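A.B. asks: Got a structure here, written out as structure tokens. Questions coming.
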Amino acid sequence: MDFAEKIVDVTKEIFGTMIMVDVTAGEPLSEHKSRFQCSLSAMVGFAGFKQGNLTLHAPDAVARGLTQDFLGMEVESINEDVEDAMGELANMLAGSLKPFISSENGKVELSLPSVVHGEEYTLTVVNKADWVIVPFTVSHGDFLVGLEIKKQ
Amino acid sequence: MGKIILIVDDSSTMRKIVNRSLRQAGLEFDTVLEAGDGQEAMDLLANEKPDIILSDINMPNMDGIEFLKNKANDASIKDIPVVMVTTEGGSQDMVDQSMSLGASGCVKKPFTPDQVNEVLGPLL
């Protein structure tokens, strides 16, 4: 299955429907990205038939901008509203991808969203995993949507 | 008397989004009440009687399923229609259970204002 294509489809649908923001997808990254600076990452894990996670990564300014679009209010810093909004976006992205990760052989269940934010951090998947990371562009800047699935 | 809606969701973002979608759908409410989970909703319903309730399913403290069960046992509020809000990938079992417990419909995220109107409109 082409998960990059699915990520593009669900991201465009969710951003277009819930935030009414047009996003432009770029080519999937050729190298894995796990270190981030002045950014926020919202992650939803899944387990069951497949194990892995869906993560939305955005620089602070983009996370604030998306939250402003989401909530229709000014956001001056990364606060609870930003964390909640980004977590909710990750939740919806994971929810929309879930049918494609599940199969007739088994289902997956989603975790609650987790949000990490800071000046510099690294996110590491402990087990070997297949991954795809798709960059997107909005008016506020670029963000990434990544999907990691544990190798069987 | 204007219509009253109660939005039950542990995400303040989603409560704002639902509120915005209602306005964009042309559904006018004089009063929008909010609760962060099923228990807060039950506490609020002791004194308020909204015309309709929108409730998330997955919530801490008291989730949407338990909320429906508790509501059904209270004669003063059991007939208030409840529409569940869930994600596209949410548990179908929980949606089915919600409907069997008396939920009047379900809206799946992401949703458009028209989709919200389609489900809520006939209930108002």
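Chains: A, B, ... in order of the structure tokens. Residues: from 1 per chain. Ligands: from 1, in order shown.
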With only C-alpha atoms considered, list every residue of chain A at most 7 Å from chain B, as a ChimeraX atom specification.

C.D. replies: /A:14,17-18,71,81,84-85,92,95-96,98-99

A.B. asks: Using only C-alpha atoms, which protein or nucleic acid residues come within 7 Å of Leu56 of chain A? Drop anything in the same chain fewer than 3 positions from it, and give the result as a PyMOL selection string.

C.D. replies: chain A and resi 41-43+90+144-146

A.B. asks: Can those selected residues be exported to a file as a short mmCIF file (atom, residue, chain, number, x, y, z; two decimals), in the first residue's frame so that it contains C-alpha atoms?

C.D. replies:
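Everything below was put into part-v5.cif:
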data_model
loop_
_atom_site.label_atom_id
_atom_site.label_comp_id
_atom_site.auth_asym_id
_atom_site.auth_seq_id
_atom_site.Cartn_x
_atom_site.Cartn_y
_atom_site.Cartn_z
CA SER A 41 5.35 17.03 17.59
CA ALA A 42 1.94 15.47 18.16
CA MET A 43 1.91 11.70 18.14
CA ALA A 90 -2.87 14.09 14.87
CA LEU A 144 5.59 17.02 8.33
CA VAL A 145 3.30 14.03 8.69
CA GLY A 146 5.14 10.82 9.45
#

A.B. asks: Which residues, written as a list in words, have at least one atom at most 10 Å from Met42 of chain B, with only C-alpha atoms counted and residues fewer than 6 positions away on the same chain left out?

C.D. replies: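 Using only C-alpha atoms, the neighbours found are Ala35, Glu48, Met62, Phe67, Leu68, Asn70, Lys71, Asp74 and Ile77 of chain B.
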
A.B. asks: One decimal, Å: what's the distance from atom CA of Val83 of chain B over to atom CA of Ser102 of chain A, could you say?

C.D. replies: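 Computed distance, atom CA of Val83 of chain B to atom CA of Ser102 of chain A, equals 26.4 Å.
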
A.B. asks: Which residues are near Pro135 of chain A? Cut-off 8 Å, only C-alpha atoms, ignore same chain within fewer than 5 positions. Put them as a PyMOL selection string.

C.D. replies: chain A and resi 25-29+142-145

A.B. asks: Would you list, as a list in words, the residues of segment 7-81 of chain A that end up in strand (DSSP E or B) under DSSP run on this structure's backbone?

C.D. replies: Thr24, Ala25, Arg35, Phe36, Gln37, Cys38, Ser39, Leu40, Ser41, Ala42, Met43, Val44, Gly45, Phe46, Ala47, Gly48, Gly52, Asn53, Leu54, Thr55, Leu56, His57, Ala58 and Pro59 of chain A

A.B. asks: Just give me the gap between atom CA of Cys106 of chain B and atom CA of Gly121 of chain B in Å, one decimal is fine.

C.D. replies: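 Calculated distance between atom CA of Cys106 of chain B and atom CA of Gly121 of chain B is 12.7 Å.
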
A.B. asks: Could you check the closest approach to Asp2 of chain A for each of A:Met73, A:Leu93, A:Leu147, A:Val62 and tell me which residue wins, using only C-alpha atoms?

C.D. replies: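 Looking only at the distances to Asp2 of chain A, the closest residue turns out to be A:Leu147.
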
A.B. asks: Could you state the separation of atom CA of Val82 of chain A and atom CA of Ala63 of chain A in Å, given to one decimal place?

C.D. replies: 6.7 Å

A.B. asks: Compile the contact shell of Gln39 of chain B as a list of chain:residue names: residues with an atom at most 10 Å away, counting only C-alpha atoms, same-chain residues fewer than 4 positions apart removed.

C.D. replies: B:Val8, B:Ala35, B:Asp43, B:Leu44, B:Leu45, B:Met59, B:Pro60, B:Asn61, B:Met62, B:Asp63, B:Gly64, B:Glu66, B:Phe67, B:Asn70

A.B. asks: Give me the residues near Glu76 of chain A as a PyMOL selection string, where near means some atom within 10 Å (using only C-alpha atoms) and where sequence neighbours in that chain fewer than 4 positions away do not count.

C.D. replies: chain A and resi 61+64-65+68+82

A.B. asks: Next, dump the selected residues to file, keeping only N, CA and C atoms, as a PDB file, in the first residue's frame.

C.D. replies:
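In the end it all went to result17.pdb:
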ATOM      1  N   ALA A  61       6.104  28.350  14.875  1.00  0.00           N
ATOM      2  CA  ALA A  61       5.288  29.349  14.175  1.00  0.00           C
ATOM      3  C   ALA A  61       4.167  28.687  13.375  1.00  0.00           C
ATOM      4  N   ARG A  64       1.493  27.401  15.814  1.00  0.00           N
ATOM      5  CA  ARG A  64       0.656  28.530  16.280  1.00  0.00           C
ATOM      6  C   ARG A  64      -0.294  28.958  15.174  1.00  0.00           C
ATOM      7  N   GLY A  65       0.223  29.039  13.936  1.00  0.00           N
ATOM      8  CA  GLY A  65      -0.610  29.459  12.817  1.00  0.00           C
ATOM      9  C   GLY A  65      -1.760  28.499  12.559  1.00  0.00           C
ATOM     10  N   GLN A  68      -4.370  28.942  15.185  1.00  0.00           N
ATOM     11  CA  GLN A  68      -5.163  30.145  14.912  1.00  0.00           C
ATOM     12  C   GLN A  68      -6.228  29.845  13.866  1.00  0.00           C
ATOM     13  N   VAL A  82      -2.611  25.257  21.740  1.00  0.00           N
ATOM     14  CA  VAL A  82      -1.814  24.770  20.613  1.00  0.00           C
ATOM     15  C   VAL A  82      -1.594  23.269  20.755  1.00  0.00           C
TER      16      VAL A  82
END

A.B. asks: If we count only C-alpha atoms and set the cut-off at 7 Å, which residues sit around Ala25 of chain B, ignoring sequence neighbours fewer than 5 positions away in its own chain? Please answer as a list in words.

C.D. replies: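 Result of the neighbour search: Pro113, Asp114, Val116 and Asn117 of chain B.
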
A.B. asks: Determine which residues of segment 93-150 of chain A DSSP labels as helix (DSSP H, G or I) from the backbone of this structure, then write them out as a ChimeraX atom specification.

C.D. replies: /A:93-101

A.B. asks: Considering only C-alpha atoms, can you say which of B:Ile7, B:Ala46, B:Asp51, B:Asp96 comes closest to Leu22 of chain B?

C.D. replies: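 With only C-alpha atoms as the atom set, the closest residue is B:Ile7.
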
A.B. asks: Between A:Val132, A:Val75, A:Val116, A:Val108, single out the one closest to Gln51 of chain A, counting only C-alpha atoms.

C.D. replies: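 Smallest distance to Gln51 of chain A is found for A:Val108.
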